[in-house]
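The file structure10.pdb contains PDB, C-alpha atoms:
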ATOM      1  CA  MET I  10     -20.110  55.249   2.574
ATOM      2  CA  SER I  11     -20.390  56.368  -1.039
ATOM      3  CA  PRO I  12     -22.101  54.100  -3.590
ATOM      4  CA  ARG I  13     -18.821  53.835  -5.553
ATOM      5  CA  ILE I  14     -16.842  52.610  -2.532
ATOM      6  CA  LEU I  15     -19.610  50.164  -1.646
ATOM      7  CA  PHE I  16     -19.563  48.862  -5.216
ATOM      8  CA  TRP I  17     -15.833  48.138  -5.127
ATOM      9  CA  LEU I  18     -16.056  46.495  -1.711
ATOM     10  CA  VAL I  19     -18.669  44.128  -3.098
ATOM     11  CA  VAL I  20     -16.498  43.397  -6.153
ATOM     12  CA  ILE I  21     -13.375  42.767  -4.051
ATOM     13  CA  SER I  22     -15.304  40.577  -1.610
ATOM     14  CA  GLY I  23     -16.726  38.545  -4.461
ATOM     15  CA  PHE I  24     -13.280  38.130  -6.021
ATOM     16  CA  ALA I  25     -11.790  36.987  -2.716
ATOM     17  CA  HIS I  26     -14.576  34.445  -2.233
ATOM     18  CA  SER I  27     -14.167  33.191  -5.800
ATOM     19  CA  HIS I  28     -10.387  32.932  -5.423
ATOM     20  CA  ALA I  29     -10.713  31.027  -2.138
ATOM     21  CA  ALA I  30     -13.085  28.583  -3.786
ATOM     22  CA  SER I  31     -10.716  28.112  -6.728
ATOM     23  CA  VAL I  32      -7.793  27.112  -4.488
ATOM     24  CA  ARG I  33      -9.816  24.912  -2.159
ATOM     25  CA  SER I  34      -8.121  21.559  -1.619
ATOM     26  CA  ASP I  35      -9.408  18.402  -3.229
ATOM     27  CA  GLU I  36      -9.708  15.649  -0.622
ATOM     28  CA  TYR I  37      -8.393  12.182  -1.378
ATOM     29  CA  ARG I  38      -8.872   9.079   0.726
ATOM     30  CA  LEU I  39      -5.380   7.653   1.120
ATOM     31  CA  TYR I  40      -4.581   3.937   1.327
ATOM     32  CA  PHE I  41      -1.203   2.272   1.887
ATOM     33  CA  LEU I  42      -0.556  -1.103   0.247
ATOM     34  CA  GLY I  43       2.529  -2.974   1.413
ATOM     35  CA  GLY I  44       4.187  -6.354   1.872
ATOM     36  CA  GLN I  45       6.160  -8.805  -0.239
ATOM     37  CA  SER I  46       5.792 -10.437  -3.659
ATOM     38  CA  ASN I  47       2.061 -11.154  -3.615
ATOM     39  CA  MET I  48       1.578  -7.440  -2.974
ATOM     40  CA  ASP I  49       4.053  -6.645  -5.743
ATOM     41  CA  GLY I  50       1.769  -8.638  -8.015
ATOM     42  CA  TYR I  51       2.514 -11.311 -10.610
ATOM     43  CA  GLY I  52      -0.663 -10.961 -12.655
ATOM     44  CA  PHE I  53      -0.122 -10.661 -16.412
ATOM     45  CA  ASN I  54      -1.367  -7.484 -18.103
ATOM     46  CA  ASN I  55      -2.084  -9.401 -21.300
ATOM     47  CA  GLN I  56      -4.560 -11.576 -19.395
ATOM     48  CA  LEU I  57      -6.683  -8.645 -18.220
ATOM     49  CA  PRO I  58     -10.227  -8.165 -19.532
ATOM     50  CA  ALA I  59     -10.580  -5.220 -21.899
ATOM     51  CA  ASP I  60     -12.326  -3.026 -19.311
ATOM     52  CA  LEU I  61      -9.272  -3.176 -17.005
ATOM     53  CA  THR I  62      -6.562  -2.288 -19.493
ATOM     54  CA  GLY I  63      -6.890   1.477 -19.196
ATOM     55  CA  GLU I  64      -6.651   4.090 -16.450
ATOM     56  CA  VAL I  65      -8.958   3.927 -13.440
ATOM     57  CA  GLU I  66     -10.846   7.196 -13.212
ATOM     58  CA  GLY I  67     -10.550   9.082  -9.930
ATOM     59  CA  VAL I  68      -7.697   6.960  -8.550
ATOM     60  CA  ARG I  69      -4.095   8.159  -8.249
ATOM     61  CA  ILE I  70      -1.164   5.979  -7.232
ATOM     62  CA  PHE I  71       2.357   6.594  -5.983
ATOM     63  CA  CYS I  72       4.453   3.428  -6.165
ATOM     64  CA  GLY I  73       7.769   3.722  -4.328
ATOM     65  CA  ASN I  74      10.837   2.319  -6.043
ATOM     66  CA  PRO I  75      11.753  -0.924  -4.226
ATOM     67  CA  ALA I  76      15.276  -1.261  -2.820
ATOM     68  CA  ALA I  77      17.332  -3.711  -0.789
ATOM     69  CA  ASP I  78      18.333  -3.310   2.863
ATOM     70  CA  ILE I  79      21.538  -1.563   4.002
ATOM     71  CA  VAL I  80      21.583   0.834   1.052
ATOM     72  CA  LYS I  81      20.757   4.531   0.945
ATOM     73  CA  VAL I  82      17.023   5.165   1.315
ATOM     74  CA  ASP I  83      15.106   5.260  -1.949
ATOM     75  CA  GLY I  84      11.307   5.263  -2.179
ATOM     76  CA  ARG I  85      11.299   7.426  -5.332
ATOM     77  CA  GLY I  86       8.176   7.596  -7.458
ATOM     78  CA  THR I  87       5.737   9.972  -9.056
ATOM     79  CA  TRP I  88       1.962  10.287  -8.805
ATOM     80  CA  ALA I  89       0.013   8.999 -11.798
ATOM     81  CA  ALA I  90      -3.332   7.503 -12.729
ATOM     82  CA  LEU I  91      -3.834   3.908 -11.618
ATOM     83  CA  LYS I  92      -3.508   1.435 -14.494
ATOM     84  CA  PRO I  93      -1.864  -1.942 -15.197
ATOM     85  CA  GLY I  94       1.911  -2.067 -14.836
ATOM     86  CA  TYR I  95       2.423  -1.528 -11.110
ATOM     87  CA  GLY I  96       3.253  -5.180 -10.524
ATOM     88  CA  VAL I  97       6.650  -6.847 -10.195
ATOM     89  CA  GLY I  98       9.248  -5.150 -12.380
ATOM     90  CA  PHE I  99       7.873  -1.638 -11.862
ATOM     91  CA  THR I 100      10.547   0.994 -11.185
ATOM     92  CA  SER I 101      10.735   4.768 -10.921
ATOM     93  CA  ASP I 102      13.523   7.331 -10.891
ATOM     94  CA  GLY I 103      11.304   9.927  -9.250
ATOM     95  CA  GLN I 104      10.699  11.748 -12.532
ATOM     96  CA  ALA I 105       9.083   9.041 -14.605
ATOM     97  CA  ASN I 106       7.537   5.654 -13.908
ATOM     98  CA  LYS I 107       8.648   2.582 -15.828
ATOM     99  CA  HIS I 108       5.654   0.286 -15.887
ATOM    100  CA  SER I 109       5.998  -3.483 -16.096
ATOM    101  CA  ASP I 110       3.960  -6.147 -17.865
ATOM    102  CA  ARG I 111       2.456  -7.231 -14.515
ATOM    103  CA  PHE I 112      -0.200  -6.040 -12.098
ATOM    104  CA  GLY I 113      -1.021  -6.645  -8.452
ATOM    105  CA  PRO I 114      -4.051  -6.272  -6.183
ATOM    106  CA  GLU I 115      -3.812  -2.467  -6.398
ATOM    107  CA  LEU I 116      -5.635  -2.493  -9.756
ATOM    108  CA  THR I 117      -8.991  -3.911  -8.678
ATOM    109  CA  PHE I 118      -8.565  -2.513  -5.167
ATOM    110  CA  GLY I 119      -8.607   1.017  -6.564
ATOM    111  CA  LEU I 120     -11.480   0.236  -8.906
ATOM    112  CA  ARG I 121     -13.593  -1.460  -6.240
ATOM    113  CA  ILE I 122     -12.987   1.088  -3.469
ATOM    114  CA  ARG I 123     -14.072   3.788  -5.917
ATOM    115  CA  GLU I 124     -17.222   1.817  -6.737
ATOM    116  CA  LEU I 125     -17.995   1.568  -3.023
ATOM    117  CA  SER I 126     -17.399   5.303  -2.495
ATOM    118  CA  PRO I 127     -18.324   6.848  -5.863
ATOM    119  CA  ASN I 128     -18.151  10.426  -4.609
ATOM    120  CA  ALA I 129     -14.669  10.026  -3.118
ATOM    121  CA  LYS I 130     -11.323  10.539  -4.789
ATOM    122  CA  ILE I 131      -8.836   7.766  -4.074
ATOM    123  CA  ALA I 132      -5.058   7.898  -3.565
ATOM    124  CA  ILE I 133      -2.800   4.871  -3.098
ATOM    125  CA  ILE I 134       0.755   4.727  -1.831
ATOM    126  CA  LYS I 135       2.269   1.338  -2.602
ATOM    127  CA  TYR I 136       5.619   0.082  -1.387
ATOM    128  CA  SER I 137       6.466  -3.617  -1.398
ATOM    129  CA  ARG I 138       9.417  -5.866  -2.115
ATOM    130  CA  GLY I 139       9.361  -9.553  -2.941
ATOM    131  CA  GLY I 140      10.793 -12.056  -0.489
ATOM    132  CA  THR I 141      10.971  -9.671   2.454
ATOM    133  CA  SER I 142      10.259 -10.755   6.023
ATOM    134  CA  ILE I 143       9.391  -8.732   9.086
ATOM    135  CA  ASP I 144      11.832 -10.605  11.305
ATOM    136  CA  PRO I 145      15.535  -9.860  10.654
ATOM    137  CA  GLU I 146      16.373 -13.461  11.616
ATOM    138  CA  ALA I 147      14.247 -14.980   8.851
ATOM    139  CA  PRO I 148      16.266 -16.961   6.273
ATOM    140  CA  ASN I 149      15.373 -14.529   3.450
ATOM    141  CA  ALA I 150      16.073 -11.388   5.452
ATOM    142  CA  LYS I 151      19.731 -10.956   4.614
ATOM    143  CA  PRO I 152      19.523 -11.321   0.823
ATOM    144  CA  LEU I 153      16.060  -9.829   0.291
ATOM    145  CA  GLY I 154      15.287  -7.529   3.216
ATOM    146  CA  CYS I 155      13.178  -7.155   6.350
ATOM    147  CA  TRP I 156      10.674  -4.657   7.744
ATOM    148  CA  ALA I 157      11.728  -4.545  11.408
ATOM    149  CA  PRO I 158      11.432  -0.874  12.514
ATOM    150  CA  ASP I 159      14.358  -1.258  14.960
ATOM    151  CA  PHE I 160      16.705  -2.855  12.404
ATOM    152  CA  GLU I 161      20.376  -1.899  12.984
ATOM    153  CA  GLY I 162      22.280  -3.929  10.390
ATOM    154  CA  GLY I 163      24.751  -2.771   7.771
ATOM    155  CA  GLU I 164      27.567  -0.252   7.602
ATOM    156  CA  GLY I 165      28.171   3.197   6.149
ATOM    157  CA  GLU I 166      25.313   5.229   4.700
ATOM    158  CA  GLY I 167      23.184   2.092   4.551
ATOM    159  CA  LYS I 168      23.503   1.260   8.245
ATOM    160  CA  GLY I 169      20.125   0.660   9.836
ATOM    161  CA  ILE I 170      18.267   1.048   6.515
ATOM    162  CA  ASN I 171      15.667  -1.574   5.679
ATOM    163  CA  GLN I 172      12.211  -1.930   4.154
ATOM    164  CA  PHE I 173      10.511   0.162   6.810
ATOM    165  CA  ASP I 174      12.901   3.017   6.033
ATOM    166  CA  HIS I 175      12.217   2.701   2.301
ATOM    167  CA  PHE I 176       8.492   2.818   3.133
ATOM    168  CA  LEU I 177       9.053   6.019   5.120
ATOM    169  CA  ALA I 178      11.021   7.469   2.200
ATOM    170  CA  ALA I 179       8.220   6.565  -0.220
ATOM    171  CA  VAL I 180       5.709   8.387   1.979
ATOM    172  CA  GLU I 181       7.960  11.453   2.147
ATOM    173  CA  HIS I 182       8.404  11.492  -1.630
ATOM    174  CA  ALA I 183       4.655  11.085  -2.118
ATOM    175  CA  LEU I 184       3.844  13.936   0.263
ATOM    176  CA  ALA I 185       6.347  16.245  -1.425
ATOM    177  CA  THR I 186       3.815  16.672  -4.240
ATOM    178  CA  SER I 187       0.949  18.875  -3.079
ATOM    179  CA  ASP I 188      -1.051  18.575  -6.312
ATOM    180  CA  ILE I 189      -1.195  14.847  -7.007
ATOM    181  CA  ASP I 190      -3.648  15.044  -9.899
ATOM    182  CA  GLY I 191      -2.042  18.005 -11.692
ATOM    183  CA  ASP I 192      -5.195  20.136 -11.835
ATOM    184  CA  GLY I 193      -3.527  23.205 -10.333
ATOM    185  CA  THR I 194      -5.041  22.942  -6.858
ATOM    186  CA  LYS I 195      -3.529  21.544  -3.680
ATOM    187  CA  ASP I 196      -4.807  18.144  -2.643
ATOM    188  CA  GLN I 197      -5.465  16.931   0.898
ATOM    189  CA  LEU I 198      -4.694  13.305   1.691
ATOM    190  CA  VAL I 199      -6.753  11.717   4.453
ATOM    191  CA  PRO I 200      -5.468   8.296   5.604
ATOM    192  CA  ALA I 201      -8.264   5.747   5.252
ATOM    193  CA  GLY I 202      -6.656   2.312   5.397
ATOM    194  CA  ILE I 203      -3.679  -0.039   5.336
ATOM    195  CA  VAL I 204      -3.537  -3.273   3.317
ATOM    196  CA  TRP I 205      -0.826  -5.790   4.204
ATOM    197  CA  MET I 206       0.004  -8.896   2.133
ATOM    198  CA  GLN I 207       3.092 -10.574   3.590
ATOM    199  CA  GLY I 208       4.245 -13.386   5.851
ATOM    200  CA  GLU I 209       5.507 -16.136   3.580
ATOM    201  CA  SER I 210       9.153 -15.305   4.320
ATOM    202  CA  ASP I 211       8.513 -15.512   8.065
ATOM    203  CA  ALA I 212       7.129 -19.052   7.756
ATOM    204  CA  PHE I 213      10.323 -21.046   7.116
ATOM    205  CA  THR I 214      11.539 -21.541  10.700
ATOM    206  CA  GLU I 215       9.565 -22.158  13.862
ATOM    207  CA  PRO I 216      11.170 -19.453  16.083
ATOM    208  CA  VAL I 217      10.540 -16.736  13.475
ATOM    209  CA  ALA I 218       6.988 -17.934  12.821
ATOM    210  CA  ASN I 219       6.287 -17.902  16.559
ATOM    211  CA  ARG I 220       7.328 -14.245  16.709
ATOM    212  CA  TYR I 221       5.182 -13.195  13.773
ATOM    213  CA  GLU I 222       2.158 -11.850  15.655
ATOM    214  CA  ALA I 223       4.307  -9.661  17.913
ATOM    215  CA  ASN I 224       6.380  -8.496  14.941
ATOM    216  CA  LEU I 225       3.285  -7.722  12.877
ATOM    217  CA  LYS I 226       1.724  -5.769  15.737
ATOM    218  CA  GLN I 227       4.850  -3.650  16.193
ATOM    219  CA  LEU I 228       5.176  -2.936  12.478
ATOM    220  CA  MET I 229       1.513  -2.019  12.042
ATOM    221  CA  GLU I 230       1.740   0.340  15.025
ATOM    222  CA  HIS I 231       4.661   2.128  13.362
ATOM    223  CA  ILE I 232       2.965   2.311   9.956
ATOM    224  CA  ARG I 233      -0.247   3.576  11.543
ATOM    225  CA  ALA I 234       1.667   6.219  13.494
ATOM    226  CA  ARG I 235       3.402   7.547  10.385
ATOM    227  CA  LEU I 236       0.248   7.699   8.300
ATOM    228  CA  ALA I 237      -1.723   9.289  11.140
ATOM    229  CA  LYS I 238       0.553  12.328  10.883
ATOM    230  CA  ILE I 239      -0.694  13.049   7.357
ATOM    231  CA  GLY I 240      -4.377  13.728   7.847
ATOM    232  CA  PRO I 241      -6.685  15.444  10.298
ATOM    233  CA  PRO I 242      -6.863  13.958  13.817
ATOM    234  CA  ASP I 243      -9.202  11.050  14.339
ATOM    235  CA  ASP I 244     -10.143   9.241  17.510
ATOM    236  CA  GLN I 245     -10.106   5.911  15.638
ATOM    237  CA  PRO I 246      -6.947   4.021  14.596
ATOM    238  CA  ILE I 247      -6.437   3.676  10.843
ATOM    239  CA  PRO I 248      -8.121   0.424   9.739
ATOM    240  CA  ILE I 249      -5.927  -2.476   8.614
ATOM    241  CA  VAL I 250      -6.679  -5.421   6.355
ATOM    242  CA  ILE I 251      -4.389  -8.454   6.470
ATOM    243  CA  GLY I 252      -4.178 -10.930   3.598
ATOM    244  CA  ARG I 253      -3.840 -14.547   4.729
ATOM    245  CA  VAL I 254      -0.714 -16.291   3.442
ATOM    246  CA  ALA I 255      -1.354 -19.436   1.417
ATOM    247  CA  ASP I 256       0.803 -22.416   0.549
ATOM    248  CA  SER I 257       0.837 -23.626  -3.058
ATOM    249  CA  GLY I 258       1.936 -27.100  -2.001
ATOM    250  CA  GLN I 259       4.318 -27.147  -4.958
ATOM    251  CA  ASP I 260       7.272 -28.666  -3.131
ATOM    252  CA  ALA I 261       8.657 -32.176  -2.739
ATOM    253  CA  ASP I 262       7.052 -32.606   0.677
ATOM    254  CA  GLY I 263       3.831 -30.879  -0.329
ATOM    255  CA  LYS I 264       4.579 -27.670   1.605
ATOM    256  CA  THR I 265       6.533 -24.638   0.415
ATOM    257  CA  MET I 266       6.519 -23.145   3.939
ATOM    258  CA  ASP I 267       7.056 -25.555   6.819
ATOM    259  CA  PHE I 268       5.422 -23.255   9.369
ATOM    260  CA  CYS I 269       2.744 -21.596   7.272
ATOM    261  CA  GLU I 270       0.042 -22.564   9.763
ATOM    262  CA  LEU I 271       1.834 -20.729  12.573
ATOM    263  CA  VAL I 272       1.947 -17.521  10.539
ATOM    264  CA  GLN I 273      -1.697 -17.926   9.542
ATOM    265  CA  LYS I 274      -2.604 -18.343  13.215
ATOM    266  CA  ALA I 275      -0.538 -15.259  14.083
ATOM    267  CA  GLN I 276      -2.304 -13.206  11.402
ATOM    268  CA  ALA I 277      -5.692 -14.296  12.718
ATOM    269  CA  GLY I 278      -4.538 -13.479  16.259
ATOM    270  CA  PHE I 279      -3.516  -9.979  15.271
ATOM    271  CA  VAL I 280      -6.908  -9.326  13.705
ATOM    272  CA  GLU I 281      -8.718 -10.835  16.685
ATOM    273  CA  HIS I 282      -6.953  -8.475  19.092
ATOM    274  CA  ASP I 283      -7.326  -5.341  16.937
ATOM    275  CA  LYS I 284     -10.862  -3.966  16.693
ATOM    276  CA  ARG I 285      -9.944  -1.971  13.593
ATOM    277  CA  ALA I 286      -8.529  -4.877  11.595
ATOM    278  CA  ALA I 287      -9.979  -7.453   9.206
ATOM    279  CA  PHE I 288      -8.724 -10.711   7.719
ATOM    280  CA  VAL I 289      -9.047 -11.605   4.025
ATOM    281  CA  GLU I 290      -8.931 -15.399   3.748
ATOM    282  CA  SER I 291      -9.942 -15.861   0.112
ATOM    283  CA  THR I 292      -6.307 -16.714  -0.696
ATOM    284  CA  ALA I 293      -7.019 -20.246   0.556
ATOM    285  CA  ASN I 294      -8.968 -20.840  -2.669
ATOM    286  CA  TYR I 295      -6.604 -19.225  -5.178
ATOM    287  CA  LYS I 296      -4.693 -20.926  -7.962
ATOM    288  CA  PHE I 297      -0.978 -20.277  -8.367
ATOM    289  CA  SER I 298       1.017 -19.403 -11.485
ATOM    290  CA  ASP I 299       4.200 -20.743  -9.888
ATOM    291  CA  GLN I 300       5.387 -22.042  -6.524
ATOM    292  CA  TRP I 301       4.889 -18.716  -4.728
ATOM    293  CA  HIS I 302       2.588 -16.438  -6.677
ATOM    294  CA  TYR I 303      -1.114 -16.369  -7.423
ATOM    295  CA  ASP I 304      -2.458 -16.404 -10.962
ATOM    296  CA  SER I 305      -3.975 -13.368 -12.662
ATOM    297  CA  ASP I 306      -7.580 -14.148 -11.690
ATOM    298  CA  ALA I 307      -6.534 -14.409  -8.054
ATOM    299  CA  TYR I 308      -5.008 -10.919  -8.013
ATOM    300  CA  LEU I 309      -8.186  -9.518  -9.536
ATOM    301  CA  ASP I 310     -10.250 -11.084  -6.758
ATOM    302  CA  LEU I 311      -7.759 -10.211  -4.023
ATOM    303  CA  GLY I 312      -7.935  -6.496  -4.759
ATOM    304  CA  ARG I 313     -11.719  -6.568  -4.566
ATOM    305  CA  GLN I 314     -11.646  -8.549  -1.320
ATOM    306  CA  PHE I 315      -9.258  -6.022   0.238
ATOM    307  CA  ALA I 316     -11.521  -3.140  -0.792
ATOM    308  CA  ASP I 317     -14.674  -4.802   0.527
ATOM    309  CA  ALA I 318     -13.018  -5.587   3.873
ATOM    310  CA  LEU I 319     -11.723  -2.039   4.297
ATOM    311  CA  HIS I 320     -15.043  -0.504   3.349
ATOM    312  CA  LYS I 321     -16.763  -2.493   6.089
ATOM    313  CA  LEU I 322     -14.263  -1.138   8.613
ATOM    314  CA  ASN I 323     -14.354   2.409   7.306
ATOM    315  CA  PRO I 324     -17.434   3.065   5.107
TER     316      PRO I 324
END
Encoding of this model in structure tokens:
Amino acid sequence: MSPRILFWLVVISGFAHSHAASVRSDEYRLYFLGGQSNMDGYGFNNQLPADLTGEVEGVRIFCGNPAADIVKVDGRGTWAALKPGYGVGFTSDGQANKHSDRFGPELTFGLRIRELSPNAKIAIIKYSRGGTSIDPEAPNAKPLGCWAPDFEGGEGEGKGINQFDHFLAAVEHALATSDIDGDGTKDQLVPAGIVWMQGESDAFTEPVANRYEANLKQLMEHIRARLAKIGPPDDQPIPIVIGRVADSGQDADGKTMDFCELVQKAQAGFVEHDKRAAFVESTANYKFSDQWHYDSDAYLDLGRQFADALHKLNP
């Protein structure tokens, strides 16, 4: 082989290696945050400390547009840096995000999980809707929505569409973007955890509350199965953290949910029977800003508690 040919082979080989390195995927640990209004978040942005008012470095979020049951699937959103404004009132048309004046547990969750894994990049898919139950027979289910995977209600193009379907749509929209941080290289999302804050709307009647553990187990199995399709195979189920529902006591009889204890017991039972699940019970000590929603300090703590619990399951 002539020296000239050898020279060009070395140059071409070096270029190919350099090009391969330049298009190598960035890996993001992916977390799903879902549930009802205390996952939406009712914290006030104007009550945040100065160090939490900006973007969280190294954390991207896709927040799916919330929608009611028995309407065409939505789940639109767009990837952006995590910052305040992803609480109740957030919307997206799939091209631009309209941030609200509220925040939820996603803010300190993203910050804390990054602190615990400083060398990792973090991605969050959030889809939640206030007032939603899992059980379609819950009193709030018809006006506000339910998460039952086998839901068959409605007519027309909305038949059978509920919160689980909007969650699936949000995941599909999120995955349609291969470069979630806009740096010109494809990103790889590796599912690392599920955070679930919900159950209040299943605590109004005894029959629905008694079904909560079975309903939660079925829903988590479906969410796990969908997320497991995203990343590389793993012999361990995706870890789940459940937030314990809490009663503000701000009602005439001293209880906002007549069967709150049954749902709490069901949540604890789910975690007890799932080796890859953890229970965050700090909500028992939180203050409320109204009858149903925690105050701003509580959401700041809740996000950190979720992150700590997940990190212990999946360091």
Give me, please, the distance in Å between CA of Gly240 in chain I and CA of Leu198 in chain I, quoted to one decimal.
-> 6.2 Å
Result set of the PyMOL selection byres ((chain I and resi 149) around 12) on the coordinates above, as JSON, numbers by chain | {"I": [45, 77, 78, 138, 139, 140, 141, 142, 143, 144, 145, 146, 147, 148, 150, 151, 152, 153, 154, 155, 156, 208, 209, 210, 211, 212, 213, 214, 217]}
Keeping C-alpha atoms, export the residues of the selection given above as a PDB file, in the frame of the given file.
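Output contents, as saved in selection.pdb:
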ATOM      1  CA  GLN I  45       6.160  -8.805  -0.239  1.00  0.00           C
ATOM      2  CA  ALA I  77      17.332  -3.711  -0.789  1.00  0.00           C
ATOM      3  CA  ASP I  78      18.333  -3.310   2.863  1.00  0.00           C
ATOM      4  CA  ARG I 138       9.417  -5.866  -2.115  1.00  0.00           C
ATOM      5  CA  GLY I 139       9.361  -9.553  -2.941  1.00  0.00           C
ATOM      6  CA  GLY I 140      10.793 -12.056  -0.489  1.00  0.00           C
ATOM      7  CA  THR I 141      10.971  -9.671   2.454  1.00  0.00           C
ATOM      8  CA  SER I 142      10.259 -10.755   6.023  1.00  0.00           C
ATOM      9  CA  ILE I 143       9.391  -8.732   9.086  1.00  0.00           C
ATOM     10  CA  ASP I 144      11.832 -10.605  11.305  1.00  0.00           C
ATOM     11  CA  PRO I 145      15.535  -9.860  10.654  1.00  0.00           C
ATOM     12  CA  GLU I 146      16.373 -13.461  11.616  1.00  0.00           C
ATOM     13  CA  ALA I 147      14.247 -14.980   8.851  1.00  0.00           C
ATOM     14  CA  PRO I 148      16.266 -16.961   6.273  1.00  0.00           C
ATOM     15  CA  ALA I 150      16.073 -11.388   5.452  1.00  0.00           C
ATOM     16  CA  LYS I 151      19.731 -10.956   4.614  1.00  0.00           C
ATOM     17  CA  PRO I 152      19.523 -11.321   0.823  1.00  0.00           C
ATOM     18  CA  LEU I 153      16.060  -9.829   0.291  1.00  0.00           C
ATOM     19  CA  GLY I 154      15.287  -7.529   3.216  1.00  0.00           C
ATOM     20  CA  CYS I 155      13.178  -7.155   6.350  1.00  0.00           C
ATOM     21  CA  TRP I 156      10.674  -4.657   7.744  1.00  0.00           C
ATOM     22  CA  GLY I 208       4.245 -13.386   5.851  1.00  0.00           C
ATOM     23  CA  GLU I 209       5.507 -16.136   3.580  1.00  0.00           C
ATOM     24  CA  SER I 210       9.153 -15.305   4.320  1.00  0.00           C
ATOM     25  CA  ASP I 211       8.513 -15.512   8.065  1.00  0.00           C
ATOM     26  CA  ALA I 212       7.129 -19.052   7.756  1.00  0.00           C
ATOM     27  CA  PHE I 213      10.323 -21.046   7.116  1.00  0.00           C
ATOM     28  CA  THR I 214      11.539 -21.541  10.700  1.00  0.00           C
ATOM     29  CA  VAL I 217      10.540 -16.736  13.475  1.00  0.00           C
TER      30      VAL I 217
END
Could you write out as a compact mmCIF listing (two decimals) with C-alpha atoms, in the frame of the given file the residues that the PyMOL selection byres ((chain I and resi 173) around 10) matches in the shown file?
# COMPACT_ATOMS: atom_id res chain seq x y z
CA ASP I 78 18.33 -3.31 2.86
CA VAL I 82 17.02 5.16 1.32
CA TYR I 136 5.62 0.08 -1.39
CA SER I 137 6.47 -3.62 -1.40
CA ILE I 143 9.39 -8.73 9.09
CA GLY I 154 15.29 -7.53 3.22
CA CYS I 155 13.18 -7.16 6.35
CA TRP I 156 10.67 -4.66 7.74
CA ALA I 157 11.73 -4.54 11.41
CA PRO I 158 11.43 -0.87 12.51
CA ASP I 159 14.36 -1.26 14.96
CA PHE I 160 16.70 -2.86 12.40
CA ILE I 170 18.27 1.05 6.52
CA ASN I 171 15.67 -1.57 5.68
CA GLN I 172 12.21 -1.93 4.15
CA ASP I 174 12.90 3.02 6.03
CA HIS I 175 12.22 2.70 2.30
CA PHE I 176 8.49 2.82 3.13
CA LEU I 177 9.05 6.02 5.12
CA ALA I 178 11.02 7.47 2.20
CA ALA I 179 8.22 6.56 -0.22
CA LEU I 228 5.18 -2.94 12.48
CA HIS I 231 4.66 2.13 13.36
CA ILE I 232 2.96 2.31 9.96
Contacts of range 94-101 of chain I at 7 Å or less, counting only C-alpha atoms, minus same-chain residues fewer than 3 places along, as a list in words?
-> Asp49, Gly50, Tyr51, Asn74, Arg85, Gly86, Ala105, Asn106, Lys107, His108, Ser109, Asp110, Arg111, Phe112 and Gly113 of chain I
Which residue gives the smallest distance to Gly163 in chain I among I:Glu222, I:Ser187, I:Asp102, I:Ile79, with all atoms listed in the file counted?
->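 Among I:Glu222, I:Ser187, I:Asp102, I:Ile79, it is I:Ile79 that comes nearest to Gly163 in chain I.
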Identify which of the residues I:Phe53, I:Trp205, I:Tyr37, I:Phe268 lies closest to Tyr303 in chain I, counting only C-alpha atoms when measuring atom-to-atom distances.
->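 Checking each of I:Phe53, I:Trp205, I:Tyr37, I:Phe268 against Tyr303 in chain I, counting only C-alpha atoms, the winner is I:Phe53.
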Which one of I:Asp267, I:Asp310, I:Asp317, I:Glu230 sits closest to Pro216 in chain I if you count only C-alpha atoms?
->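 Of the candidates, the smallest distance to Pro216 in chain I is held by I:Asp267.
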How many Å separate CA of Val289 in chain I from CA of Ser305 in chain I?
->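 Rounded to one decimal, the two atoms are 17.5 Å apart.
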Could you tell me which of I:Ile203, I:Met48, I:Ala261, I:Val65 comes closest to Leu311 in chain I if we count all atoms listed in the file?
-> I:Met48
Given the file shown, enumerate the residues that the PyMOL selection byres ((chain I and resi 36) around 9) captures and present them as a list in words.
->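 What the PyMOL selection byres ((chain I and resi 36) around 9) grabs from the file is Ser34, Asp35, Tyr37, Arg38, Ala129, Lys130, Ile131, Asp196, Gln197, Leu198 and Val199 of chain I.
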Got a sec: who's within 9 Å of range 254-259 of chain I, counting all atoms listed in the file, leaving out chain neighbours fewer than 5 positions off, as a list in words?
->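 What passes the distance filter is Met206, Gln207, Gly208, Glu209, Lys264, Thr265, Met266, Cys269, Glu270, Val272, Gln273, Gln276, Glu290, Thr292, Ala293, Asn294, Tyr295, Lys296, Phe297, Asp299, Gln300, Trp301, His302 and Tyr303 of chain I.
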